[in-house]
>>> print(open('target34.pdb').read())   # PDB, C-alpha atoms and all ligand atoms
ATOM      1  CA  MET A  18     114.441 138.077 -27.736
ATOM      2  CA  LYS A  19     114.143 137.380 -31.455
ATOM      3  CA  HIS A  20     114.551 133.890 -32.888
ATOM      4  CA  PHE A  21     118.048 133.020 -34.095
ATOM      5  CA  SER A  22     119.900 130.009 -35.429
ATOM      6  CA  TYR A  23     123.040 128.603 -33.861
ATOM      7  CA  GLU A  24     126.109 126.668 -34.948
ATOM      8  CA  ARG A  25     129.297 125.618 -33.242
ATOM      9  CA  VAL A  26     132.562 125.749 -35.200
ATOM     10  CA  SER A  27     135.853 124.048 -34.462
ATOM     11  CA  SER A  28     138.546 126.346 -35.903
ATOM     12  CA  PRO A  29     139.102 130.057 -36.600
ATOM     13  CA  SER A  30     138.896 129.468 -40.355
ATOM     14  CA  GLU A  31     135.582 127.604 -39.924
ATOM     15  CA  ALA A  32     134.345 130.580 -37.925
ATOM     16  CA  ALA A  33     135.341 132.952 -40.728
ATOM     17  CA  GLN A  34     133.638 130.720 -43.326
ATOM     18  CA  ALA A  35     130.485 130.550 -41.204
ATOM     19  CA  PHE A  36     130.394 134.349 -41.125
ATOM     20  CA  GLU A  37     130.811 134.515 -44.900
ATOM     21  CA  ARG A  38     127.670 132.346 -45.179
ATOM     22  CA  ASN A  39     125.803 134.429 -42.550
ATOM     23  CA  PRO A  40     126.887 138.073 -42.857
ATOM     24  CA  GLY A  41     124.502 139.228 -40.093
ATOM     25  CA  ALA A  42     125.847 136.722 -37.577
ATOM     26  CA  ARG A  43     127.590 137.388 -34.262
ATOM     27  CA  TYR A  44     130.338 135.324 -32.714
ATOM     28  CA  LEU A  45     129.444 133.869 -29.331
ATOM     29  CA  ALA A  46     132.259 133.366 -26.812
ATOM     30  CA  GLY A  47     131.600 133.785 -23.071
ATOM     31  CA  GLY A  48     128.340 135.563 -23.853
ATOM     32  CA  THR A  49     128.519 137.669 -20.706
ATOM     33  CA  ASN A  50     127.604 140.843 -22.605
ATOM     34  CA  LEU A  51     126.112 139.615 -25.895
ATOM     35  CA  ILE A  52     123.361 137.516 -24.306
ATOM     36  CA  ASP A  53     122.254 140.462 -22.144
ATOM     37  CA  LEU A  54     122.195 142.679 -25.239
ATOM     38  CA  MET A  55     120.104 140.096 -27.095
ATOM     39  CA  LYS A  56     117.618 139.837 -24.238
ATOM     40  CA  LEU A  57     117.163 143.607 -24.460
ATOM     41  CA  ASP A  58     116.914 143.560 -28.288
ATOM     42  CA  ILE A  59     119.938 145.855 -28.533
ATOM     43  CA  GLU A  60     121.595 143.069 -30.499
ATOM     44  CA  ALA A  61     119.347 140.889 -32.648
ATOM     45  CA  PRO A  62     121.568 138.591 -34.736
ATOM     46  CA  GLU A  63     119.813 136.046 -36.923
ATOM     47  CA  HIS A  64     122.631 133.594 -36.416
ATOM     48  CA  LEU A  65     125.139 132.859 -33.637
ATOM     49  CA  ILE A  66     128.510 131.262 -34.367
ATOM     50  CA  ASP A  67     129.770 129.632 -31.195
ATOM     51  CA  VAL A  68     133.569 129.977 -31.156
ATOM     52  CA  ASN A  69     134.183 128.430 -27.751
ATOM     53  CA  CYS A  70     135.731 125.250 -29.190
ATOM     54  CA  ILE A  71     138.156 126.669 -31.757
ATOM     55  CA  GLY A  72     141.279 125.976 -29.700
ATOM     56  CA  LEU A  73     142.179 129.547 -28.779
ATOM     57  CA  ASP A  74     142.091 129.335 -25.020
ATOM     58  CA  GLY A  75     145.805 128.785 -24.342
ATOM     59  CA  ILE A  76     148.569 131.106 -23.187
ATOM     60  CA  GLU A  77     151.957 130.499 -24.773
ATOM     61  CA  GLN A  78     155.362 132.121 -24.888
ATOM     62  CA  THR A  79     156.238 133.890 -28.135
ATOM     63  CA  LEU A  80     159.612 133.505 -29.841
ATOM     64  CA  ASP A  81     160.755 136.935 -28.641
ATOM     65  CA  GLY A  82     159.880 136.252 -25.005
ATOM     66  CA  GLY A  83     156.398 137.773 -24.920
ATOM     67  CA  LEU A  84     153.099 135.993 -24.309
ATOM     68  CA  ARG A  85     150.358 135.110 -26.769
ATOM     69  CA  ILE A  86     147.007 134.891 -24.977
ATOM     70  CA  GLY A  87     144.288 133.110 -26.914
ATOM     71  CA  ALA A  88     141.146 135.179 -27.432
ATOM     72  CA  LEU A  89     139.079 132.453 -25.751
ATOM     73  CA  ALA A  90     141.211 132.370 -22.592
ATOM     74  CA  ARG A  91     138.943 133.136 -19.643
ATOM     75  CA  ASN A  92     139.679 136.287 -17.689
ATOM     76  CA  SER A  93     140.236 134.300 -14.483
ATOM     77  CA  ASP A  94     142.711 131.946 -16.205
ATOM     78  CA  VAL A  95     144.745 134.886 -17.503
ATOM     79  CA  ALA A  96     144.681 136.639 -14.127
ATOM     80  CA  THR A  97     146.028 133.549 -12.354
ATOM     81  CA  ASP A  98     148.590 132.536 -14.946
ATOM     82  CA  GLU A  99     151.991 132.449 -13.247
ATOM     83  CA  ARG A 100     153.732 134.247 -16.130
ATOM     84  CA  VAL A 101     151.131 137.007 -16.242
ATOM     85  CA  ARG A 102     151.313 137.497 -12.476
ATOM     86  CA  ARG A 103     155.132 137.596 -12.522
ATOM     87  CA  ASP A 104     155.849 139.620 -15.674
ATOM     88  CA  TYR A 105     152.672 141.636 -16.293
ATOM     89  CA  PRO A 106     151.156 142.220 -12.839
ATOM     90  CA  VAL A 107     149.344 145.328 -14.027
ATOM     91  CA  LEU A 108     147.289 143.041 -16.275
ATOM     92  CA  ALA A 109     146.581 140.476 -13.559
ATOM     93  CA  ARG A 110     145.446 143.232 -11.187
ATOM     94  CA  ALA A 111     143.256 144.882 -13.797
ATOM     95  CA  LEU A 112     141.587 141.559 -14.556
ATOM     96  CA  VAL A 113     140.770 140.709 -10.949
ATOM     97  CA  SER A 114     139.294 144.167 -10.428
ATOM     98  CA  GLY A 115     136.758 143.589 -13.209
ATOM     99  CA  ALA A 116     133.218 142.216 -12.843
ATOM    100  CA  SER A 117     132.721 139.321 -10.401
ATOM    101  CA  GLY A 118     134.398 135.951  -9.905
ATOM    102  CA  GLN A 119     131.573 134.197 -11.753
ATOM    103  CA  LEU A 120     131.802 136.530 -14.721
ATOM    104  CA  ARG A 121     135.593 136.343 -14.866
ATOM    105  CA  ASN A 122     135.338 132.549 -15.037
ATOM    106  CA  ARG A 123     133.188 132.857 -18.128
ATOM    107  CA  ALA A 124     134.310 136.071 -19.873
ATOM    108  CA  THR A 125     136.993 135.795 -22.537
ATOM    109  CA  VAL A 126     139.879 138.046 -23.536
ATOM    110  CA  GLY A 127     138.398 138.765 -26.971
ATOM    111  CA  GLY A 128     134.959 139.479 -25.553
ATOM    112  CA  ASN A 129     136.381 141.721 -22.855
ATOM    113  CA  LEU A 130     137.926 143.964 -25.527
ATOM    114  CA  LEU A 131     134.654 144.146 -27.457
ATOM    115  CA  GLN A 132     132.192 144.599 -24.597
ATOM    116  CA  ARG A 133     129.802 147.495 -25.019
ATOM    117  CA  THR A 134     129.468 150.575 -22.859
ATOM    118  CA  ARG A 135     127.443 150.467 -19.649
ATOM    119  CA  CYS A 136     125.798 153.871 -20.291
ATOM    120  CA  VAL A 137     122.340 153.380 -18.772
ATOM    121  CA  TYR A 138     120.626 155.030 -21.747
ATOM    122  CA  PHE A 139     122.199 152.519 -24.119
ATOM    123  CA  TYR A 140     120.381 149.774 -22.229
ATOM    124  CA  SER A 141     117.106 151.674 -21.928
ATOM    125  CA  GLY A 142     115.056 151.093 -25.099
ATOM    126  CA  ASP A 143     112.768 154.122 -24.964
ATOM    127  CA  LEU A 144     115.292 156.981 -24.769
ATOM    128  CA  PRO A 145     117.440 158.479 -27.531
ATOM    129  CA  CYS A 146     120.838 156.887 -27.938
ATOM    130  CA  ASN A 147     123.022 157.427 -31.002
ATOM    131  CA  LYS A 148     124.985 154.315 -30.226
ATOM    132  CA  ARG A 149     121.914 152.084 -30.216
ATOM    133  CA  HIS A 150     119.898 153.979 -32.866
ATOM    134  CA  PRO A 151     122.219 156.200 -34.960
ATOM    135  CA  GLY A 152     120.770 159.672 -35.413
ATOM    136  CA  SER A 153     118.301 159.437 -32.508
ATOM    137  CA  GLY A 154     120.235 161.746 -30.176
ATOM    138  CA  CYS A 155     122.026 161.297 -26.861
ATOM    139  CA  ALA A 156     119.970 161.328 -23.680
ATOM    140  CA  ALA A 157     123.072 161.240 -21.502
ATOM    141  CA  ILE A 158     124.570 164.624 -22.374
ATOM    142  CA  GLU A 159     121.735 166.516 -20.659
ATOM    143  CA  GLY A 160     120.889 163.577 -18.432
ATOM    144  CA  MET A 161     122.707 161.347 -15.966
ATOM    145  CA  SER A 162     126.310 161.700 -17.014
ATOM    146  CA  ARG A 163     128.132 161.057 -13.747
ATOM    147  CA  ALA A 164     129.619 157.759 -14.968
ATOM    148  CA  LEU A 165     130.381 158.932 -18.485
ATOM    149  CA  ALA A 166     133.325 160.326 -20.410
ATOM    150  CA  VAL A 167     135.158 163.552 -19.641
ATOM    151  CA  ILE A 168     137.502 163.329 -22.595
ATOM    152  CA  GLY A 169     137.385 161.875 -26.108
ATOM    153  CA  GLY A 170     133.596 162.090 -26.347
ATOM    154  CA  SER A 171     131.620 164.064 -28.908
ATOM    155  CA  GLU A 172     128.318 165.883 -29.176
ATOM    156  CA  SER A 173     126.903 162.541 -30.321
ATOM    157  CA  CYS A 174     128.095 160.331 -27.459
ATOM    158  CA  ILE A 175     129.994 160.521 -24.170
ATOM    159  CA  ALA A 176     129.968 156.829 -23.280
ATOM    160  CA  THR A 177     132.979 155.303 -21.562
ATOM    161  CA  HIS A 178     134.737 152.084 -22.425
ATOM    162  CA  PRO A 179     134.005 149.677 -19.579
ATOM    163  CA  SER A 180     136.966 147.286 -19.708
ATOM    164  CA  ASP A 181     139.669 147.152 -17.031
ATOM    165  CA  MET A 182     141.751 144.627 -18.945
ATOM    166  CA  ALA A 183     141.996 146.899 -21.988
ATOM    167  CA  ILE A 184     143.464 149.716 -19.881
ATOM    168  CA  ALA A 185     146.315 147.481 -18.725
ATOM    169  CA  LEU A 186     146.844 146.146 -22.258
ATOM    170  CA  ARG A 187     147.114 149.728 -23.513
ATOM    171  CA  ALA A 188     149.815 150.469 -20.930
ATOM    172  CA  LEU A 189     151.648 147.316 -22.020
ATOM    173  CA  ASP A 190     151.418 148.126 -25.761
ATOM    174  CA  ALA A 191     149.727 144.814 -26.477
ATOM    175  CA  VAL A 192     148.915 143.759 -30.015
ATOM    176  CA  VAL A 193     145.674 142.173 -31.228
ATOM    177  CA  GLU A 194     145.677 139.392 -33.838
ATOM    178  CA  THR A 195     142.580 138.734 -35.934
ATOM    179  CA  ILE A 196     141.211 136.642 -38.778
ATOM    180  CA  LEU A 197     138.955 138.231 -41.391
ATOM    181  CA  PRO A 198     135.948 136.602 -43.044
ATOM    182  CA  ASP A 199     138.009 135.961 -46.212
ATOM    183  CA  GLY A 200     140.497 133.976 -44.107
ATOM    184  CA  SER A 201     143.268 136.588 -44.170
ATOM    185  CA  LYS A 202     144.879 137.680 -40.914
ATOM    186  CA  ARG A 203     145.951 140.997 -39.501
ATOM    187  CA  VAL A 204     147.768 142.419 -36.520
ATOM    188  CA  LEU A 205     146.689 145.628 -34.791
ATOM    189  CA  PRO A 206     148.322 147.578 -31.979
ATOM    190  CA  ILE A 207     145.724 147.869 -29.236
ATOM    191  CA  ALA A 208     146.179 151.637 -29.449
ATOM    192  CA  ASP A 209     144.596 151.517 -32.917
ATOM    193  CA  MET A 210     141.740 149.131 -32.219
ATOM    194  CA  HIS A 211     139.139 151.269 -30.436
ATOM    195  CA  VAL A 212     137.908 154.473 -32.049
ATOM    196  CA  LEU A 213     136.407 157.653 -30.634
ATOM    197  CA  PRO A 214     132.685 158.215 -31.221
ATOM    198  CA  GLY A 215     132.761 161.344 -33.404
ATOM    199  CA  GLN A 216     129.526 161.376 -35.398
ATOM    200  CA  THR A 217     129.343 157.570 -35.527
ATOM    201  CA  PRO A 218     129.266 156.288 -31.953
ATOM    202  CA  HIS A 219     127.815 152.952 -33.073
ATOM    203  CA  ILE A 220     131.261 152.195 -34.578
ATOM    204  CA  GLU A 221     133.551 151.334 -31.681
ATOM    205  CA  THR A 222     136.539 149.583 -33.262
ATOM    206  CA  VAL A 223     138.336 149.356 -36.572
ATOM    207  CA  LEU A 224     137.373 145.684 -36.880
ATOM    208  CA  VAL A 225     135.299 144.945 -39.975
ATOM    209  CA  PRO A 226     132.112 142.851 -39.772
ATOM    210  CA  GLY A 227     133.040 139.235 -39.179
ATOM    211  CA  GLU A 228     136.626 139.965 -38.142
ATOM    212  CA  LEU A 229     137.401 137.666 -35.221
ATOM    213  CA  ILE A 230     140.001 138.390 -32.553
ATOM    214  CA  THR A 231     142.198 135.298 -32.293
ATOM    215  CA  SER A 232     144.753 136.403 -29.708
ATOM    216  CA  VAL A 233     146.330 139.223 -27.778
ATOM    217  CA  VAL A 234     150.117 139.376 -27.768
ATOM    218  CA  LEU A 235     152.064 140.938 -24.918
ATOM    219  CA  PRO A 236     155.545 142.198 -25.755
ATOM    220  CA  ARG A 237     158.576 140.999 -23.815
ATOM    221  CA  PRO A 238     158.293 141.880 -20.127
ATOM    222  CA  ILE A 239     159.108 145.540 -19.597
ATOM    223  CA  GLY A 240     159.933 145.385 -15.881
ATOM    224  CA  GLY A 241     159.286 148.327 -13.594
ATOM    225  CA  ALA A 242     156.684 148.756 -10.898
ATOM    226  CA  HIS A 243     153.192 147.760 -12.025
ATOM    227  CA  ARG A 244     150.042 149.183 -10.427
ATOM    228  CA  TYR A 245     146.366 149.124 -11.304
ATOM    229  CA  LEU A 246     144.126 151.353  -9.233
ATOM    230  CA  LYS A 247     140.373 151.273  -9.747
ATOM    231  CA  LEU A 248     138.171 153.833  -8.019
ATOM    232  CA  ARG A 249     134.464 153.049  -8.069
ATOM    233  CA  ASP A 250     131.261 153.599  -6.144
ATOM    234  CA  ARG A 251     131.398 150.282  -4.307
ATOM    235  CA  ALA A 252     134.174 147.856  -3.455
ATOM    236  CA  SER A 253     133.433 145.217  -6.094
ATOM    237  CA  TYR A 254     131.311 144.462  -9.128
ATOM    238  CA  ALA A 255     131.203 148.066 -10.317
ATOM    239  CA  PHE A 256     132.675 149.936 -13.249
ATOM    240  CA  ALA A 257     135.452 152.463 -12.754
ATOM    241  CA  ASN A 258     134.837 156.122 -12.137
ATOM    242  CA  VAL A 259     138.563 156.379 -12.709
ATOM    243  CA  SER A 260     141.143 153.664 -13.151
ATOM    244  CA  ILE A 261     144.868 153.923 -13.779
ATOM    245  CA  ALA A 262     147.296 151.380 -15.176
ATOM    246  CA  LEU A 263     150.798 152.498 -14.239
ATOM    247  CA  VAL A 264     154.194 151.066 -15.143
ATOM    248  CA  ALA A 265     156.999 153.097 -13.592
ATOM    249  CA  HIS A 266     160.766 152.666 -13.777
ATOM    250  CA  PHE A 267     163.163 154.335 -11.386
ATOM    251  CA  ASP A 268     166.734 155.272 -12.114
ATOM    252  CA  GLY A 269     168.135 155.443  -8.586
ATOM    253  CA  PRO A 270     165.943 157.997  -6.801
ATOM    254  CA  LYS A 271     164.760 159.489 -10.095
ATOM    255  CA  LEU A 272     161.616 158.526 -11.954
ATOM    256  CA  GLY A 273     162.661 157.182 -15.361
ATOM    257  CA  ALA A 274     160.351 155.815 -18.032
ATOM    258  CA  VAL A 275     156.711 155.811 -17.068
ATOM    259  CA  ARG A 276     153.519 154.620 -18.765
ATOM    260  CA  VAL A 277     150.049 155.720 -17.699
ATOM    261  CA  ALA A 278     146.722 154.589 -19.155
ATOM    262  CA  PHE A 279     143.398 155.798 -17.772
ATOM    263  CA  GLY A 280     140.061 153.997 -17.645
ATOM    264  CA  GLY A 281     136.627 155.345 -16.801
ATOM    265  CA  LEU A 282     137.392 158.687 -18.442
ATOM    266  CA  ALA A 283     136.996 158.140 -22.166
ATOM    267  CA  PRO A 284     135.295 156.076 -24.861
ATOM    268  CA  LYS A 285     138.509 154.081 -25.283
ATOM    269  CA  PRO A 286     141.509 153.217 -23.106
ATOM    270  CA  TRP A 287     143.091 156.651 -22.659
ATOM    271  CA  ARG A 288     146.835 156.960 -22.939
ATOM    272  CA  VAL A 289     148.717 159.964 -24.309
ATOM    273  CA  GLU A 290     152.338 158.971 -24.852
ATOM    274  CA  GLU A 291     153.541 162.593 -25.122
ATOM    275  CA  ALA A 292     152.430 163.062 -21.522
ATOM    276  CA  GLU A 293     154.968 160.478 -20.403
ATOM    277  CA  SER A 294     158.074 162.192 -21.759
ATOM    278  CA  GLY A 295     159.960 165.224 -20.539
ATOM    279  CA  ILE A 296     159.063 164.785 -16.889
ATOM    280  CA  SER A 297     161.352 167.152 -15.039
ATOM    281  CA  SER A 298     160.775 166.096 -11.454
ATOM    282  CA  ALA A 299     159.408 162.972  -9.786
ATOM    283  CA  SER A 300     157.401 164.995  -7.307
ATOM    284  CA  ASP A 301     155.631 166.912 -10.099
ATOM    285  CA  ALA A 302     155.271 163.924 -12.421
ATOM    286  CA  ALA A 303     151.582 163.330 -11.716
ATOM    287  CA  SER A 304     150.527 166.875 -12.502
ATOM    288  CA  GLN A 305     152.805 167.041 -15.554
ATOM    289  CA  ILE A 306     151.352 163.815 -16.943
ATOM    290  CA  ALA A 307     147.755 164.753 -16.113
ATOM    291  CA  ASP A 308     148.140 168.262 -17.614
ATOM    292  CA  VAL A 309     148.961 166.758 -20.995
ATOM    293  CA  ALA A 310     146.933 163.538 -20.887
ATOM    294  CA  LEU A 311     143.738 165.274 -19.776
ATOM    295  CA  SER A 312     144.054 168.494 -21.726
ATOM    296  CA  GLY A 313     140.998 169.126 -23.871
ATOM    297  CA  ALA A 314     138.671 167.414 -21.395
ATOM    298  CA  VAL A 315     135.033 168.477 -21.643
ATOM    299  CA  PRO A 316     133.349 167.271 -18.464
ATOM    300  CA  THR A 317     129.726 167.781 -17.542
ATOM    301  CA  LYS A 318     128.707 169.230 -14.183
ATOM    302  CA  GLN A 319     128.046 165.714 -12.930
ATOM    303  CA  ASN A 320     131.329 164.122 -13.921
ATOM    304  CA  ALA A 321     133.868 166.946 -13.552
ATOM    305  CA  PHE A 322     134.945 165.268 -10.294
ATOM    306  CA  LYS A 323     136.639 162.585 -12.384
ATOM    307  CA  LEU A 324     139.361 164.985 -13.499
ATOM    308  CA  SER A 325     140.517 165.880 -10.002
ATOM    309  CA  LEU A 326     140.062 162.273  -8.901
ATOM    310  CA  ALA A 327     142.303 161.076 -11.731
ATOM    311  CA  ARG A 328     144.988 163.607 -10.819
ATOM    312  CA  ARG A 329     144.927 162.701  -7.154
ATOM    313  CA  ALA A 330     144.909 158.980  -7.862
ATOM    314  CA  LEU A 331     147.931 159.267 -10.140
ATOM    315  CA  SER A 332     149.689 161.424  -7.581
ATOM    316  CA  VAL A 333     149.116 158.826  -4.846
ATOM    317  CA  LEU A 334     150.280 155.941  -7.035
ATOM    318  CA  LEU A 335     153.482 157.718  -8.030
ATOM    319  CA  MET A 336     154.172 158.862  -4.463
ATOM    320  CA  GLU A 337     153.721 155.308  -3.153
ATOM    321  CA  GLU A 338     156.043 153.922  -5.805
ATOM    322  CA  ARG A 339     158.598 156.639  -5.107
ATOM    323  CA  GLN A 340     158.553 155.832  -1.412
ATOM    324  CA  ARG A 341     158.832 152.107  -2.122
ATOM    325  CA  ASN A 342     161.796 152.801  -4.388
ATOM    326  CA  ASP A 343     163.428 155.012  -1.751
ATOM    327  CA  ARG A 344     163.092 152.265   0.863
ATOM    328  CA  LYS A 345     164.650 149.729  -1.521
ATOM    329  CA  SER A 346     167.620 151.956  -2.261
ATOM    330  CA  GLN A 347     168.364 152.675   1.440
TER     331      GLN A 347
HETATM  332 FE1  LIG B   1     123.910 156.492 -26.153
HETATM  333 FE2  LIG B   1     126.433 157.291 -26.008
HETATM  334 FE3  LIG B   1     124.534 158.984 -25.409
HETATM  335 FE4  LIG B   1     125.000 156.909 -23.799
HETATM  336  S1  LIG B   1     126.392 158.580 -24.190
HETATM  337  S2  LIG B   1     123.006 157.694 -24.512
HETATM  338  S3  LIG B   1     125.641 155.354 -25.280
HETATM  339  S4  LIG B   1     124.860 158.060 -27.417
END
>>> encode(input="target34.pdb", output="structure tokens", more="lines below")
Ligand code: SF4
Amino acid sequence: MKHFSYERVSSPSEAAQAFERNPGARYLAGGTNLIDLMKLDIEAPEHLIDVNCIGLDGIEQTLDGGLRIGALARNSDVATDERVRRDYPVLARALVSGASGQLRNRATVGGNLLQRTRCVYFYSGDLPCNKRHPGSGCAAIEGMSRALAVIGGSESCIATHPSDMAIALRALDAVVETILPDGSKRVLPIADMHVLPGQTPHIETVLVPGELITSVVLPRPIGGAHRYLKLRDRASYAFANVSIALVAHFDGPKLGAVRVAFGGLAPKPWRVEEAESGISSASDAASQIADVALSGAVPTKQNAFKLSLARRALSVLLMEERQRNDRKSQ
């Protein structure tokens, strides 16, 4: 690990000013990903700005009945918040399916959104990786690609986004609030925050250098049945092969509005809103949604299983919710 300097700031504007003075700095929150990356020399900031004490760890109601979750709120605190569990259970379930209890106690909401891919080649210093060294190539495409993206990737990178929380936030249409190094603020729909790799896989979000996430805002509760299903190679402490955040509304026996976001399939939380409209029959909903949401997929031999797994998982979730709805209406 290279030498670096360290400072602790006490407000978001102090953090922004500290970045202005140290343009190569990184913000340090929970550190559950950044410190690992520094140990491996994948990240080598000259300066760390510790933002843990800037007063952004609360969860408060917004004026329109939503929730504002501070970027420094720990994943475990969000998952156990009574309002999150009651009104946004898909988010609570996604959070508890991520990482381990220890990590969730430390990891923050802002850091969770910005965590880097777990592609093994990204963490292995002696093999080509366009994300780590732009222009060096991608060892994964002809290599071990089982865990990697089947859709949204490019010839430069097929890494997946590792977050569970972000998949649920995408289904909920959350909004991200930030402060920029010049002190100005902006608001971004989560749908617009992560970008696909294209020819520049080292660029993962639209955030500019030094832009700090200050909070994530959930809209007013949307009701419906909330599910988060994560399919992985072992029962805990593993990243998703496929995950699905589902919010489904029923109109009597009929499936009404539905939202589906996929994890483990793409370089960003994968939701295609057009796939959710025009569903003609509840029993065919899963295949209708998957046909549109997963069209254009380019799997490798090793990860093609993810496409059928995603279809079957969505089918099971919707069937279970349909049966639950039927029982309620009897
Ligand atoms: Fe690097 Fe992306 Fe290729 Fe993995 S898939 S080796 S992160 S360029």
>>> residues_around(input="target34.pdb", residues="Gly241 of chain A", least_positions_apart="2", cutoff="9 Å", atoms="only C-alpha atoms", output="list of chain:residue names")
A:Ile239, A:His243, A:Val264, A:Ala265, A:His266, A:Phe267, A:Ala274, A:Val275
>>> resolve_selection(input="target34.pdb", expression="the PyMOL selection byres (((not hetatm)) within 12 of (chain B and resi 1))", output="mmCIF file with C-alpha atoms, in the coordinates of the input")
data_model
loop_
_atom_site.group_PDB
_atom_site.id
_atom_site.type_symbol
_atom_site.label_atom_id
_atom_site.label_comp_id
_atom_site.auth_asym_id
_atom_site.auth_seq_id
_atom_site.Cartn_x
_atom_site.Cartn_y
_atom_site.Cartn_z
ATOM 1 C CA ILE A 59 119.938 145.855 -28.533
ATOM 2 C CA ARG A 133 129.802 147.495 -25.019
ATOM 3 C CA THR A 134 129.468 150.575 -22.859
ATOM 4 C CA ARG A 135 127.443 150.467 -19.649
ATOM 5 C CA CYS A 136 125.798 153.871 -20.291
ATOM 6 C CA VAL A 137 122.340 153.380 -18.772
ATOM 7 C CA TYR A 138 120.626 155.030 -21.747
ATOM 8 C CA PHE A 139 122.199 152.519 -24.119
ATOM 9 C CA TYR A 140 120.381 149.774 -22.229
ATOM 10 C CA SER A 141 117.106 151.674 -21.928
ATOM 11 C CA GLY A 142 115.056 151.093 -25.099
ATOM 12 C CA ASP A 143 112.768 154.122 -24.964
ATOM 13 C CA LEU A 144 115.292 156.981 -24.769
ATOM 14 C CA PRO A 145 117.440 158.479 -27.531
ATOM 15 C CA CYS A 146 120.838 156.887 -27.938
ATOM 16 C CA ASN A 147 123.022 157.427 -31.002
ATOM 17 C CA LYS A 148 124.985 154.315 -30.226
ATOM 18 C CA ARG A 149 121.914 152.084 -30.216
ATOM 19 C CA HIS A 150 119.898 153.979 -32.866
ATOM 20 C CA PRO A 151 122.219 156.200 -34.960
ATOM 21 C CA GLY A 152 120.770 159.672 -35.413
ATOM 22 C CA SER A 153 118.301 159.437 -32.508
ATOM 23 C CA GLY A 154 120.235 161.746 -30.176
ATOM 24 C CA CYS A 155 122.026 161.297 -26.861
ATOM 25 C CA ALA A 156 119.970 161.328 -23.680
ATOM 26 C CA ALA A 157 123.072 161.240 -21.502
ATOM 27 C CA ILE A 158 124.570 164.624 -22.374
ATOM 28 C CA GLU A 159 121.735 166.516 -20.659
ATOM 29 C CA GLY A 160 120.889 163.577 -18.432
ATOM 30 C CA MET A 161 122.707 161.347 -15.966
ATOM 31 C CA SER A 162 126.310 161.700 -17.014
ATOM 32 C CA ARG A 163 128.132 161.057 -13.747
ATOM 33 C CA ALA A 164 129.619 157.759 -14.968
ATOM 34 C CA LEU A 165 130.381 158.932 -18.485
ATOM 35 C CA ALA A 166 133.325 160.326 -20.410
ATOM 36 C CA VAL A 167 135.158 163.552 -19.641
ATOM 37 C CA GLY A 169 137.385 161.875 -26.108
ATOM 38 C CA GLY A 170 133.596 162.090 -26.347
ATOM 39 C CA SER A 171 131.620 164.064 -28.908
ATOM 40 C CA GLU A 172 128.318 165.883 -29.176
ATOM 41 C CA SER A 173 126.903 162.541 -30.321
ATOM 42 C CA CYS A 174 128.095 160.331 -27.459
ATOM 43 C CA ILE A 175 129.994 160.521 -24.170
ATOM 44 C CA ALA A 176 129.968 156.829 -23.280
ATOM 45 C CA THR A 177 132.979 155.303 -21.562
ATOM 46 C CA HIS A 178 134.737 152.084 -22.425
ATOM 47 C CA PRO A 179 134.005 149.677 -19.579
ATOM 48 C CA LEU A 213 136.407 157.653 -30.634
ATOM 49 C CA PRO A 214 132.685 158.215 -31.221
ATOM 50 C CA GLY A 215 132.761 161.344 -33.404
ATOM 51 C CA GLN A 216 129.526 161.376 -35.398
ATOM 52 C CA THR A 217 129.343 157.570 -35.527
ATOM 53 C CA PRO A 218 129.266 156.288 -31.953
ATOM 54 C CA HIS A 219 127.815 152.952 -33.073
ATOM 55 C CA ILE A 220 131.261 152.195 -34.578
ATOM 56 C CA GLU A 221 133.551 151.334 -31.681
ATOM 57 C CA ALA A 283 136.996 158.140 -22.166
ATOM 58 C CA PRO A 284 135.295 156.076 -24.861
ATOM 59 C CA THR A 317 129.726 167.781 -17.542
#
>>> atom_distance(input="target34.pdb", atom1="atom CA of Asp74 of chain A", atom2="atom CA of Ala124 of chain A")
11.5 Å
>>> resolve_selection(input="target34.pdb", expression="the PyMOL selection byres (((chain A and resi 251-255) around 9) and not hetatm)", output="list of chain:residue names")
A:Ser114, A:Gly115, A:Ala116, A:Ser117, A:Leu248, A:Arg249, A:Asp250, A:Phe256, A:Ala257
>>> atom_distance(input="target34.pdb", atom1="atom CA of Asp104 of chain A", atom2="atom CA of Arg237 of chain A")
8.7 Å
>>> atom_distance(input="target34.pdb", atom1="atom CA of Ala208 of chain A", atom2="atom CA of Ile306 of chain A")
18.2 Å
>>> resolve_selection(input="target34.pdb", expression="the PyMOL selection byres (((chain A and resi 26) around 10) and not hetatm)", output="PDB file with C-alpha atoms, keeping the file's coordinate frame")
ATOM      1  CA  GLU A  24     126.109 126.668 -34.948  1.00  0.00           C
ATOM      2  CA  ARG A  25     129.297 125.618 -33.242  1.00  0.00           C
ATOM      3  CA  SER A  27     135.853 124.048 -34.462  1.00  0.00           C
ATOM      4  CA  SER A  28     138.546 126.346 -35.903  1.00  0.00           C
ATOM      5  CA  PRO A  29     139.102 130.057 -36.600  1.00  0.00           C
ATOM      6  CA  SER A  30     138.896 129.468 -40.355  1.00  0.00           C
ATOM      7  CA  GLU A  31     135.582 127.604 -39.924  1.00  0.00           C
ATOM      8  CA  ALA A  32     134.345 130.580 -37.925  1.00  0.00           C
ATOM      9  CA  ALA A  33     135.341 132.952 -40.728  1.00  0.00           C
ATOM     10  CA  GLN A  34     133.638 130.720 -43.326  1.00  0.00           C
ATOM     11  CA  ALA A  35     130.485 130.550 -41.204  1.00  0.00           C
ATOM     12  CA  ILE A  66     128.510 131.262 -34.367  1.00  0.00           C
ATOM     13  CA  ASP A  67     129.770 129.632 -31.195  1.00  0.00           C
ATOM     14  CA  VAL A  68     133.569 129.977 -31.156  1.00  0.00           C
ATOM     15  CA  ASN A  69     134.183 128.430 -27.751  1.00  0.00           C
ATOM     16  CA  CYS A  70     135.731 125.250 -29.190  1.00  0.00           C
ATOM     17  CA  ILE A  71     138.156 126.669 -31.757  1.00  0.00           C
TER      18      ILE A  71
END
